file structure_22.txt (compact mmCIF, C-alpha atoms)
# COMPACT_ATOMS: atom_id res chain seq x y z
CA MET O 33 -65.56 -70.50 -97.05
CA PRO O 34 -66.10 -72.75 -94.00
CA ASP O 35 -69.64 -73.47 -92.89
CA ASP O 36 -71.38 -75.21 -90.05
CA GLY O 37 -72.28 -78.26 -92.14
CA GLN O 38 -75.68 -76.82 -93.03
CA GLY O 39 -74.55 -74.24 -95.59
CA ARG O 40 -74.40 -71.34 -93.09
CA VAL O 41 -71.31 -69.16 -92.50
CA PRO O 42 -70.33 -68.71 -88.83
CA PRO O 43 -71.60 -65.35 -87.52
CA ALA O 44 -68.15 -64.07 -86.47
CA LEU O 45 -66.70 -64.67 -89.88
CA GLU O 46 -69.72 -63.11 -91.57
CA ARG O 47 -69.20 -59.90 -89.52
CA ALA O 48 -65.55 -59.73 -90.49
CA VAL O 49 -66.39 -60.05 -94.19
CA GLU O 50 -68.95 -57.29 -93.89
CA LEU O 51 -66.37 -54.96 -92.33
CA LEU O 52 -63.93 -55.60 -95.16
CA ARG O 53 -66.61 -54.92 -97.77
CA GLU O 54 -67.43 -51.49 -96.30
CA GLU O 55 -65.90 -48.62 -98.29
CA GLU O 56 -63.53 -46.47 -96.26
CA VAL O 57 -64.78 -42.94 -96.16
CA VAL O 58 -61.98 -40.45 -96.91
CA SER O 59 -62.06 -36.74 -97.49
CA PRO O 60 -61.83 -35.50 -101.11
CA ALA O 61 -58.75 -33.42 -100.21
CA TRP O 62 -56.90 -36.44 -98.85
CA ARG O 63 -57.79 -38.54 -101.95
CA ALA O 64 -56.57 -35.73 -104.26
CA ALA O 65 -53.31 -35.44 -102.33
CA VAL O 66 -52.67 -39.17 -102.54
CA LEU O 67 -53.43 -39.37 -106.28
CA GLY O 68 -51.20 -36.35 -106.94
CA ALA O 69 -48.34 -37.95 -105.08
CA VAL O 70 -48.73 -41.18 -107.04
CA GLU O 71 -48.67 -39.30 -110.37
CA ARG O 72 -45.56 -37.34 -109.40
CA ASP O 73 -43.85 -40.54 -108.38
CA ALA O 74 -44.74 -42.17 -111.70
CA ASP O 75 -43.37 -39.17 -113.63
CA SER O 76 -40.14 -39.19 -111.71
CA ARG O 77 -39.68 -42.94 -112.34
CA ASP O 78 -40.23 -42.40 -116.05
CA LEU O 79 -37.59 -39.70 -116.13
CA GLU O 80 -35.15 -41.93 -114.29
CA LEU O 81 -35.55 -44.79 -116.69
CA ARG O 82 -33.76 -43.15 -119.58
CA PRO O 83 -30.52 -42.43 -117.76
CA ARG O 84 -30.63 -45.95 -116.39
CA ARG O 85 -30.91 -47.34 -119.90
CA PHE O 86 -27.90 -45.32 -120.93
CA VAL O 87 -26.05 -46.41 -117.84
CA ALA O 88 -26.88 -50.02 -118.72
CA LEU O 89 -25.57 -49.52 -122.26
CA ARG O 90 -22.39 -47.89 -121.06
CA THR O 91 -21.95 -50.65 -118.51
CA ALA O 92 -22.34 -53.30 -121.20
CA ILE O 93 -19.75 -51.64 -123.42
CA ALA O 94 -17.36 -51.16 -120.53
CA ALA O 95 -17.89 -54.73 -119.41
CA GLY O 96 -17.20 -55.92 -122.93
CA ILE O 97 -13.97 -53.97 -123.11
CA VAL O 98 -12.92 -55.22 -119.70
CA CYS O 99 -13.78 -58.81 -120.66
CA ALA O 100 -11.84 -58.53 -123.90
CA ALA O 101 -8.83 -57.08 -122.14
CA ALA O 102 -9.03 -59.65 -119.38
CA GLY O 103 -9.42 -62.44 -121.89
CA SER O 104 -6.42 -61.29 -123.89
CA ALA O 105 -4.34 -60.89 -120.76
CA ALA O 106 -5.36 -64.32 -119.51
CA THR O 107 -4.55 -65.89 -122.86
CA LEU O 108 -1.12 -64.31 -122.91
CA ALA O 109 -0.52 -65.22 -119.29
CA VAL O 110 -1.41 -68.84 -119.87
CA PHE O 111 0.43 -69.36 -123.10
CA ARG O 112 3.64 -67.46 -122.41
CA TRP O 113 6.19 -68.24 -119.84
CA PRO O 114 8.48 -65.85 -118.03
CA GLY O 115 11.81 -65.06 -119.57
CA THR O 116 12.82 -64.42 -123.11
CA VAL O 117 11.11 -67.36 -124.71
CA ALA O 118 7.46 -67.25 -125.69
CA THR O 119 5.51 -70.19 -126.91
CA VAL O 120 2.46 -70.70 -129.04
CA ALA O 121 -0.95 -72.06 -128.33
CA ILE O 122 -4.21 -72.82 -129.97
CA THR O 123 -7.63 -72.86 -128.45
CA PRO O 124 -9.81 -75.90 -129.05
CA GLN O 125 -11.45 -75.80 -132.44
CA ASN O 126 -14.57 -77.40 -131.06
CA PRO O 127 -15.04 -76.63 -127.38
CA THR O 128 -18.05 -78.95 -127.23
CA GLN O 129 -15.79 -81.95 -127.63
CA VAL O 130 -14.88 -82.94 -124.11
CA SER O 131 -12.49 -85.81 -123.65
CA THR O 132 -12.05 -87.89 -120.56
CA LEU O 133 -8.80 -87.11 -118.79
CA LEU O 134 -6.66 -90.08 -117.92
CA PRO O 135 -3.85 -90.03 -115.34
CA VAL O 136 -0.38 -90.55 -116.77
CA HIS O 137 2.66 -90.99 -114.55
CA PHE O 138 6.02 -89.69 -115.79
CA SER O 139 9.28 -90.31 -114.01
CA VAL O 140 12.92 -89.86 -114.85
CA VAL O 141 16.07 -90.65 -112.91
CA ALA O 142 18.17 -87.52 -112.46
CA PRO O 143 19.81 -87.65 -109.02
CA SER O 144 22.08 -84.66 -109.47
CA ALA O 145 19.52 -82.36 -111.11
CA ALA O 146 18.36 -79.25 -109.34
CA SER O 147 15.17 -78.92 -111.36
CA VAL O 148 13.27 -81.07 -113.82
CA SER O 149 10.11 -80.32 -115.76
CA ILE O 150 8.20 -82.00 -118.54
CA VAL O 151 7.37 -80.34 -121.84
CA GLY O 152 5.29 -81.61 -124.71
CA ASP O 153 2.32 -81.33 -126.98
CA PHE O 154 0.10 -81.28 -123.89
CA ASN O 155 1.51 -78.08 -122.38
CA HIS O 156 2.63 -76.13 -125.45
CA TRP O 157 6.23 -76.99 -124.69
CA SER O 158 6.33 -74.66 -121.74
CA PRO O 159 9.22 -75.50 -119.37
CA THR O 160 7.49 -73.88 -116.43
CA ALA O 161 4.03 -75.35 -116.81
CA LEU O 162 4.68 -78.80 -115.31
CA PRO O 163 7.60 -78.89 -112.87
CA MET O 164 8.37 -82.36 -111.58
CA LYS O 165 8.94 -83.27 -107.95
CA ARG O 166 11.87 -85.16 -106.55
CA SER O 167 10.78 -88.49 -105.14
CA VAL O 168 11.59 -89.66 -101.63
CA ASP O 169 14.57 -91.66 -102.84
CA GLY O 170 16.12 -88.41 -104.03
CA ARG O 171 17.06 -89.86 -107.42
CA THR O 172 13.85 -89.85 -109.38
CA TRP O 173 11.72 -86.94 -110.52
CA GLU O 174 8.01 -87.60 -110.96
CA ILE O 175 4.77 -86.03 -112.01
CA ASP O 176 1.22 -87.19 -112.67
CA VAL O 177 -0.49 -85.48 -115.59
CA LYS O 178 -4.09 -85.94 -116.67
CA LEU O 179 -4.42 -86.13 -120.43
CA PRO O 180 -7.11 -86.92 -122.95
CA GLU O 181 -6.60 -90.04 -125.04
CA GLY O 182 -4.08 -89.51 -127.79
CA ARG O 183 -0.47 -89.61 -128.85
CA TYR O 184 1.87 -86.98 -127.45
CA ASN O 185 5.44 -85.97 -128.16
CA TYR O 186 7.30 -84.90 -125.05
CA ALA O 187 10.70 -84.40 -123.43
CA TYR O 188 12.20 -83.48 -120.09
CA VAL O 189 13.98 -80.26 -119.22
CA VAL O 190 16.74 -81.18 -116.78
CA ASP O 191 18.51 -78.14 -115.38
CA GLY O 192 17.62 -76.25 -118.55
CA GLN O 193 18.79 -79.02 -120.90
CA ILE O 194 16.24 -80.84 -123.02
CA ALA O 195 16.44 -84.62 -122.93
CA ARG O 196 14.22 -87.39 -124.20
CA ASP O 197 12.76 -90.04 -121.92
CA PRO O 198 15.10 -93.03 -122.24
CA SER O 199 12.33 -95.42 -121.22
CA ALA O 200 9.81 -94.35 -123.86
CA PRO O 201 9.60 -94.77 -127.64
CA GLN O 202 11.53 -92.22 -129.60
CA THR O 203 10.12 -90.03 -132.38
CA GLY O 204 11.55 -90.23 -135.86
CA GLY O 205 13.88 -87.53 -137.05
CA ASP O 206 15.01 -84.69 -134.90
CA ASP O 207 13.91 -81.47 -136.50
CA PHE O 208 15.57 -79.40 -133.83
CA GLY O 209 18.55 -81.47 -132.82
CA VAL O 210 17.01 -83.22 -129.82
CA PRO O 211 14.64 -86.14 -130.42
CA ASN O 212 11.42 -86.46 -128.47
CA SER O 213 9.70 -89.32 -126.75
CA VAL O 214 6.18 -90.51 -127.41
CA VAL O 215 3.46 -91.45 -125.00
CA MET O 216 0.21 -93.11 -126.00
CA VAL O 217 -2.67 -92.36 -123.69
CA ARG O 218 -5.59 -94.76 -123.83
CA GLY O 219 -8.48 -95.73 -121.62
CA THR O 220 -8.88 -99.32 -120.62
CA MET C 157 -30.32 -55.12 -128.92
CA LYS C 158 -27.55 -56.55 -126.80
CA ILE C 159 -24.35 -54.99 -127.97
CA GLY C 160 -22.05 -56.22 -125.21
CA PRO C 161 -21.20 -59.55 -126.87
CA ILE C 162 -20.85 -57.85 -130.23
CA VAL C 163 -18.38 -55.35 -128.81
CA VAL C 164 -16.37 -58.13 -127.19
CA THR C 165 -16.30 -60.19 -130.38
CA ALA C 166 -15.28 -57.19 -132.44
CA LEU C 167 -12.50 -56.29 -130.04
CA VAL C 168 -11.11 -59.81 -129.97
CA ALA C 169 -11.33 -60.10 -133.74
CA SER C 170 -9.64 -56.76 -134.29
CA ALA C 171 -6.94 -57.65 -131.78
CA SER C 172 -6.25 -60.90 -133.64
CA ALA C 173 -6.18 -59.09 -136.94
CA ALA C 174 -3.86 -56.47 -135.58
CA ARG C 175 -1.44 -59.16 -134.50
CA GLY C 176 -1.74 -60.88 -137.86
CA GLN C 177 -3.01 -64.14 -136.43
CA SER C 178 -5.60 -66.71 -137.33
CA PRO C 179 -8.45 -66.98 -134.89
CA GLY C 180 -7.50 -69.10 -131.92
CA VAL C 181 -3.79 -69.22 -132.74
CA VAL C 182 -1.20 -67.37 -130.67
CA LEU C 183 2.27 -67.35 -132.12
CA PRO C 184 5.45 -66.61 -130.19
CA GLU C 185 6.80 -63.10 -130.22
CA ARG C 186 10.27 -64.43 -130.85
CA LEU C 187 9.37 -65.35 -134.41
CA ALA C 188 10.12 -62.78 -137.07
CA PRO C 189 7.04 -61.30 -138.78
CA ALA C 190 7.84 -63.07 -142.06
CA THR C 191 8.16 -66.45 -140.34
CA ARG C 192 5.03 -65.82 -138.35
CA SER C 193 3.08 -64.99 -141.50
CA ALA C 194 4.41 -68.04 -143.32
CA ILE C 195 3.46 -70.36 -140.47
CA LEU C 196 0.04 -68.78 -140.20
CA ARG C 197 -0.52 -69.36 -143.91
CA LEU C 198 0.45 -73.00 -143.46
CA ILE C 199 -1.93 -73.32 -140.55
CA ASP C 200 -4.75 -71.71 -142.51
CA SER C 201 -4.06 -73.99 -145.47
CA ALA C 202 -4.07 -77.05 -143.24
CA ARG C 203 -7.33 -75.95 -141.64
CA THR C 204 -8.87 -75.35 -145.04
CA VAL C 205 -8.20 -78.90 -146.17
CA GLY C 206 -9.32 -80.36 -142.86
CA LEU C 207 -5.93 -81.31 -141.45
CA PRO C 208 -5.36 -80.93 -137.71
CA VAL C 209 -3.55 -77.69 -136.97
CA ALA C 210 -2.59 -78.36 -133.36
CA PRO C 211 0.44 -80.47 -134.37
CA LEU C 212 1.70 -77.55 -136.46
CA VAL C 213 1.35 -75.15 -133.56
CA ASP C 214 3.01 -77.65 -131.24
CA LYS C 215 5.88 -78.13 -133.69
CA THR C 216 6.41 -74.37 -133.72
CA ALA C 217 6.41 -74.27 -129.94
CA GLU C 218 8.86 -77.16 -129.78
CA GLY C 219 11.20 -75.35 -132.14
CA VAL C 220 11.05 -72.16 -130.13
CA LEU C 221 11.75 -74.02 -126.89
CA LYS C 222 14.69 -75.86 -128.44
CA GLY C 223 16.18 -72.62 -129.67
CA ALA C 224 15.91 -73.40 -133.38
CA ASP C 225 16.17 -70.51 -135.78
CA ASP C 226 13.14 -69.29 -137.69
CA GLN C 227 14.04 -70.98 -140.96
CA ARG C 228 14.48 -74.32 -139.29
CA ILE C 229 11.15 -73.98 -137.51
CA LEU C 230 9.43 -73.03 -140.75
CA ARG C 231 10.95 -75.99 -142.59
CA ALA C 232 9.84 -78.35 -139.83
CA VAL C 233 6.28 -77.01 -139.92
CA GLN C 234 6.21 -77.21 -143.73
CA SER C 235 7.46 -80.76 -143.59
CA LEU C 236 4.92 -81.77 -140.97
CA THR C 237 2.07 -80.20 -142.94
CA ARG C 238 3.06 -82.20 -146.00
CA GLU C 239 3.46 -85.40 -143.99
CA LEU C 240 0.09 -85.02 -142.31
CA GLY C 241 -1.52 -84.63 -145.72
CA ASP C 242 0.36 -87.60 -147.16
CA ALA C 243 -0.45 -89.73 -144.12
CA ARG C 244 -4.12 -88.95 -144.38
CA GLY C 245 -4.05 -89.77 -148.07
CA ALA C 246 -2.28 -93.07 -147.47
CA LEU C 247 -4.63 -94.08 -144.67
CA GLY C 248 -7.83 -93.41 -146.56
CA GLY C 249 -8.69 -90.07 -145.00
CA THR C 250 -8.52 -91.17 -141.37
CA THR C 251 -9.65 -88.65 -138.77
CA ASP C 252 -7.94 -90.45 -135.89
CA LEU C 253 -5.52 -87.77 -134.70
CA ALA C 254 -3.23 -90.18 -132.84
CA LEU C 255 -2.98 -92.43 -135.87
CA LEU C 256 -2.47 -89.50 -138.20
CA GLY C 257 0.32 -88.13 -136.02
CA ALA C 258 2.00 -91.51 -135.77
CA ALA C 259 1.71 -92.04 -139.52
CA ALA C 260 3.13 -88.59 -140.28
CA ASN C 261 5.98 -89.36 -137.94
CA ALA C 262 6.57 -92.66 -139.74
CA LEU C 263 6.75 -90.86 -143.08
CA HIS C 264 9.20 -88.44 -141.53
CA ALA C 265 11.32 -91.40 -140.40
CA GLY C 266 11.51 -92.76 -143.93
CA VAL C 267 8.56 -95.12 -144.19
CA SER C 268 6.89 -94.78 -147.60
CA ALA C 269 3.21 -94.11 -148.25
CA ASP C 270 2.94 -97.54 -149.87
CA GLU C 271 4.36 -99.17 -146.76
CA LEU C 272 1.83 -97.25 -144.65
CA ARG C 273 -0.98 -98.64 -146.79
CA ARG C 274 0.36 -102.17 -146.42
CA LEU C 275 0.56 -101.79 -142.66
CA GLN C 276 -2.98 -100.48 -142.54
CA ARG C 277 -4.22 -103.45 -144.55
CA ALA C 278 -2.40 -105.81 -142.20
CA SER C 279 -4.09 -104.24 -139.18
CA ALA C 280 -7.66 -104.51 -140.37
CA ALA C 281 -8.80 -105.16 -136.81
CA GLY C 282 -8.30 -101.63 -135.55
CA SER C 283 -6.53 -98.31 -135.62
CA ASP C 284 -5.24 -98.50 -132.03
CA ALA C 285 -2.97 -101.40 -132.91
CA LEU C 286 -1.80 -99.62 -136.04
CA THR C 287 -0.94 -96.52 -134.02
CA SER C 288 1.08 -98.61 -131.57
CA ALA C 289 2.72 -100.40 -134.45
CA LEU C 290 3.74 -97.14 -136.10
CA VAL C 291 5.12 -95.72 -132.85
CA THR C 292 7.19 -98.89 -132.43
CA LEU C 293 8.28 -98.83 -136.04
CA VAL C 294 9.53 -95.26 -135.75
CA ASP C 295 11.35 -96.11 -132.53
CA LEU C 296 13.08 -99.07 -134.22
CA VAL C 297 14.16 -96.88 -137.13
CA ALA C 298 15.50 -94.36 -134.62
CA LYS C 299 17.53 -97.22 -133.16
CA ARG C 300 19.04 -97.68 -136.62
CA VAL C 301 17.05 -100.71 -137.68
CA PRO C 302 16.72 -100.50 -141.49
CA VAL C 303 13.31 -99.12 -142.50
CA SER C 304 12.45 -102.02 -144.80
CA SER C 305 13.34 -104.61 -142.18
CA ALA C 306 11.43 -102.82 -139.42
CA THR C 307 8.37 -102.32 -141.63
CA SER C 308 8.30 -105.94 -142.68
CA SER C 309 8.58 -107.17 -139.09
CA ILE C 310 5.90 -104.86 -137.81
CA GLN C 311 3.63 -105.89 -140.66
CA ASP C 312 4.08 -109.56 -139.72
CA MET C 313 3.13 -108.78 -136.12
CA LEU C 314 0.09 -106.76 -137.15
CA GLY C 315 -1.00 -109.66 -139.32
CA ARG C 316 -1.06 -111.83 -136.21
CA ARG C 317 -3.11 -109.32 -134.29
CA ALA C 318 -0.30 -108.09 -132.06
CA GLY C 319 -1.30 -105.37 -129.62
CA ASP C 320 0.19 -102.73 -127.36
CA ARG C 321 1.76 -105.31 -125.05
CA GLN C 322 3.58 -107.16 -127.80
CA PHE C 323 4.84 -104.00 -129.46
CA ALA C 324 6.08 -102.57 -126.15
CA ALA C 325 7.85 -105.84 -125.38
CA LEU C 326 9.47 -105.94 -128.81
CA ARG C 327 10.78 -102.42 -128.41
CA ALA C 328 12.23 -103.10 -124.98
CA GLU C 329 13.81 -106.40 -126.03
CA VAL C 330 15.42 -104.96 -129.15
CA GLU C 331 16.82 -102.08 -127.14
CA GLN C 332 18.22 -104.50 -124.60
CA ASP C 333 19.89 -106.60 -127.29
CA ILE C 334 21.36 -103.57 -129.02
CA SER C 335 22.78 -102.43 -125.69
CA ALA C 336 24.27 -105.91 -125.29
CA GLY C 337 26.12 -105.53 -128.56
CA LEU C 338 23.85 -107.02 -131.24
CA SER C 339 23.36 -105.11 -134.45
CA PRO C 340 19.93 -103.41 -134.62
CA ASP C 341 18.82 -105.54 -137.56
CA ALA C 342 19.93 -108.79 -135.94
CA ALA C 343 18.30 -107.82 -132.66
CA LEU C 344 15.02 -107.11 -134.41
CA LYS C 345 15.01 -110.35 -136.39
CA ALA C 346 15.71 -112.44 -133.31
CA ARG C 347 13.11 -110.75 -131.17
CA VAL C 348 10.41 -110.61 -133.84
CA GLY C 349 10.85 -114.32 -134.42
CA LEU C 350 10.16 -114.97 -130.74
CA GLN C 351 7.19 -112.61 -130.72
CA LEU C 352 5.65 -114.23 -133.79
CA ARG C 353 5.98 -117.70 -132.34
CA ALA C 354 4.36 -116.54 -129.10
CA LEU C 355 1.55 -114.89 -131.04
CA ASP C 356 0.96 -118.00 -133.10
CA ALA C 357 0.72 -120.04 -129.93
CA ALA C 358 -1.52 -117.64 -128.02
CA PRO C 359 -5.30 -117.60 -128.33
CA LEU C 360 -6.63 -114.52 -130.08
CA ASP C 361 -8.24 -113.05 -126.97
CA ALA C 362 -4.85 -113.03 -125.24
CA ARG C 363 -3.44 -110.63 -127.84
CA ARG C 364 -5.72 -107.65 -128.16
CA PRO C 365 -9.42 -107.08 -128.51
CA PRO C 366 -10.67 -106.46 -132.01
CA THR C 367 -11.47 -102.78 -132.16
CA GLY C 368 -12.17 -102.24 -135.83
call {"tool": "encode", "arguments": {"input": "structure_22.txt", "output": "structure tokens"}}
result
Amino acid sequence: MPDDGQGRVPPALERAVELLREEEVVSPAWRAAVLGAVERDADSRDLELRPRRFVALRTAIAAGIVCAAAGSAATLAVFRWPGTVATVAITPQNPTQVSTLLPVHFSVVAPSAASVSIVGDFNHWSPTALPMKRSVDGRTWEIDVKLPEGRYNYAYVVDGQIARDPSAPQTGGDDFGVPNSVVMVRGT
Amino acid sequence: MKIGPIVVTALVASASAARGQSPGVVLPERLAPATRSAILRLIDSARTVGLPVAPLVDKTAEGVLKGADDQRILRAVQSLTRELGDARGALGGTTDLALLGAAANALHAGVSADELRRLQRASAAGSDALTSALVTLVDLVAKRVPVSSATSSIQDMLGRRAGDRQFAALRAEVEQDISAGLSPDAALKARVGLQLRALDAAPLDARRPPTG
């Protein structure tokens, strides 16, 4: 509390403190009415809590079901492509392992193609996941893909036909009739 | 008790079980149930022994995209599972996925497990160079260079600490010579000779950094 330098409180402030310390005189009837209202309010809150708990429980269950359904739908949407062919996918075994993504440029000369995409180990061999864009010269199709370090098998889909990259190393054997190419992705 | 996460987990688990799938693996609907089950068993077996399962899933996806029939896809996945295991055994239990994939691919191309071990010994400076070497080796074999000749040449280059640049150059030069009419074996021998002489003349730090 401020003082005048000699340990005394200013008179105005002292009067204000005195006023605050005075007990407000209320009638017994008014006090009883207020206390009764407070008790009723407390009772009503207590009654409301139980339904709210049940609502919270039901909400949690419903949210869980919705999340599960949404998760399943999202998984299917991501790992299947339109049409008759469905692919496969696997979620990371250890999601805590985060790799640095490195930009990789792919290009293939296909001047007469109407559409070109790239498929490989990095996109679950989905022909719609990574469509390539025709370059300004009109002959080359290009795409930049960010990949973690590693070795990837891949191929191009040119107008629906699968073809390996003629400028990249070839994989050994051709389990399915069309050999793949290999790209090594490494940081500097 | 928070039951929301438990409900979600249970639903996801039951959904996976209902579809007959391992956790985290989604198989294509096109596969017949018997093929699906067989591939899932292979994937579970691979996971049990600590082999990477992503290459098996990718191989399945590749087969589906390329229109292979179920039996062919199953055979390819079986073969890859075996090769991954053999490659890991030959390379002393490596956990380097890129190297393991390249080594499995080399086995698939006809390189023997003994040859893999010899190549690994020759590349004591690091697995990155060995991975590059194996990718190049497989590419040479695909170009019809005899396996023994390609393996021997690659081993010589590894022994001189060849790196990505040298292997990429070798591959391009051999391809160029084959296109010009040389036999694959002759093209390799000529180009490897040049590469080895260049490596012998170059200081070590101009080849590749030791990464062992």
call {"tool": "interface_residues", "arguments": {"input": "structure_22.txt", "of": "chain C", "to": "chain O", "cutoff": "8 Å", "atoms": "all atoms listed in the file", "output": "ChimeraX atom specification"}}
result
/C:159-161,163-164,167-168,180-186,210-211,213-214,216-224,228-229,232,253-255,257-258,261-262,264-265,288,291-292,294-295,297-298,327
call {"tool": "write_last_selection", "arguments": {"input": "structure_22.txt", "atoms": "C-alpha atoms", "output": "PDB file, keeping the file's coordinate frame"}}
result
ATOM      1  CA  ILE C 159     -24.350 -54.990-127.970  1.00  0.00           C
ATOM      2  CA  GLY C 160     -22.050 -56.220-125.210  1.00  0.00           C
ATOM      3  CA  PRO C 161     -21.200 -59.550-126.870  1.00  0.00           C
ATOM      4  CA  VAL C 163     -18.380 -55.350-128.810  1.00  0.00           C
ATOM      5  CA  VAL C 164     -16.370 -58.130-127.190  1.00  0.00           C
ATOM      6  CA  LEU C 167     -12.500 -56.290-130.040  1.00  0.00           C
ATOM      7  CA  VAL C 168     -11.110 -59.810-129.970  1.00  0.00           C
ATOM      8  CA  GLY C 180      -7.500 -69.100-131.920  1.00  0.00           C
ATOM      9  CA  VAL C 181      -3.790 -69.220-132.740  1.00  0.00           C
ATOM     10  CA  VAL C 182      -1.200 -67.370-130.670  1.00  0.00           C
ATOM     11  CA  LEU C 183       2.270 -67.350-132.120  1.00  0.00           C
ATOM     12  CA  PRO C 184       5.450 -66.610-130.190  1.00  0.00           C
ATOM     13  CA  GLU C 185       6.800 -63.100-130.220  1.00  0.00           C
ATOM     14  CA  ARG C 186      10.270 -64.430-130.850  1.00  0.00           C
ATOM     15  CA  ALA C 210      -2.590 -78.360-133.360  1.00  0.00           C
ATOM     16  CA  PRO C 211       0.440 -80.470-134.370  1.00  0.00           C
ATOM     17  CA  VAL C 213       1.350 -75.150-133.560  1.00  0.00           C
ATOM     18  CA  ASP C 214       3.010 -77.650-131.240  1.00  0.00           C
ATOM     19  CA  THR C 216       6.410 -74.370-133.720  1.00  0.00           C
ATOM     20  CA  ALA C 217       6.410 -74.270-129.940  1.00  0.00           C
ATOM     21  CA  GLU C 218       8.860 -77.160-129.780  1.00  0.00           C
ATOM     22  CA  GLY C 219      11.200 -75.350-132.140  1.00  0.00           C
ATOM     23  CA  VAL C 220      11.050 -72.160-130.130  1.00  0.00           C
ATOM     24  CA  LEU C 221      11.750 -74.020-126.890  1.00  0.00           C
ATOM     25  CA  LYS C 222      14.690 -75.860-128.440  1.00  0.00           C
ATOM     26  CA  GLY C 223      16.180 -72.620-129.670  1.00  0.00           C
ATOM     27  CA  ALA C 224      15.910 -73.400-133.380  1.00  0.00           C
ATOM     28  CA  ARG C 228      14.480 -74.320-139.290  1.00  0.00           C
ATOM     29  CA  ILE C 229      11.150 -73.980-137.510  1.00  0.00           C
ATOM     30  CA  ALA C 232       9.840 -78.350-139.830  1.00  0.00           C
ATOM     31  CA  LEU C 253      -5.520 -87.770-134.700  1.00  0.00           C
ATOM     32  CA  ALA C 254      -3.230 -90.180-132.840  1.00  0.00           C
ATOM     33  CA  LEU C 255      -2.980 -92.430-135.870  1.00  0.00           C
ATOM     34  CA  GLY C 257       0.320 -88.130-136.020  1.00  0.00           C
ATOM     35  CA  ALA C 258       2.000 -91.510-135.770  1.00  0.00           C
ATOM     36  CA  ASN C 261       5.980 -89.360-137.940  1.00  0.00           C
ATOM     37  CA  ALA C 262       6.570 -92.660-139.740  1.00  0.00           C
ATOM     38  CA  HIS C 264       9.200 -88.440-141.530  1.00  0.00           C
ATOM     39  CA  ALA C 265      11.320 -91.400-140.400  1.00  0.00           C
ATOM     40  CA  SER C 288       1.080 -98.610-131.570  1.00  0.00           C
ATOM     41  CA  VAL C 291       5.120 -95.720-132.850  1.00  0.00           C
ATOM     42  CA  THR C 292       7.190 -98.890-132.430  1.00  0.00           C
ATOM     43  CA  VAL C 294       9.530 -95.260-135.750  1.00  0.00           C
ATOM     44  CA  ASP C 295      11.350 -96.110-132.530  1.00  0.00           C
ATOM     45  CA  VAL C 297      14.160 -96.880-137.130  1.00  0.00           C
ATOM     46  CA  ALA C 298      15.500 -94.360-134.620  1.00  0.00           C
ATOM     47  CA  ARG C 327      10.780-102.420-128.410  1.00  0.00           C
TER      48      ARG C 327
END
call {"tool": "atom_distance", "arguments": {"input": "structure_22.txt", "atom1": "CA of Arg353 in chain C", "atom2": "CA of Leu272 in chain C"}}
result
24.2 Å
call {"tool": "atom_distance", "arguments": {"input": "structure_22.txt", "atom1": "CA of Ala202 in chain C", "atom2": "CA of Ala161 in chain O"}}
result
27.7 Å
call {"tool": "closest_residue", "arguments": {"input": "structure_22.txt", "among": "O:Pro143, O:Ser149, O:Thr132, O:Gly219", "to": "Asp284 in chain C", "atoms": "only C-alpha atoms"}}
result
O:Gly219
call {"tool": "closest_residue", "arguments": {"input": "structure_22.txt", "among": "C:Arg321, C:Lys215, C:Arg231, C:Arg347", "to": "Thr191 in chain C", "atoms": "all atoms listed in the file"}}
result
C:Arg231
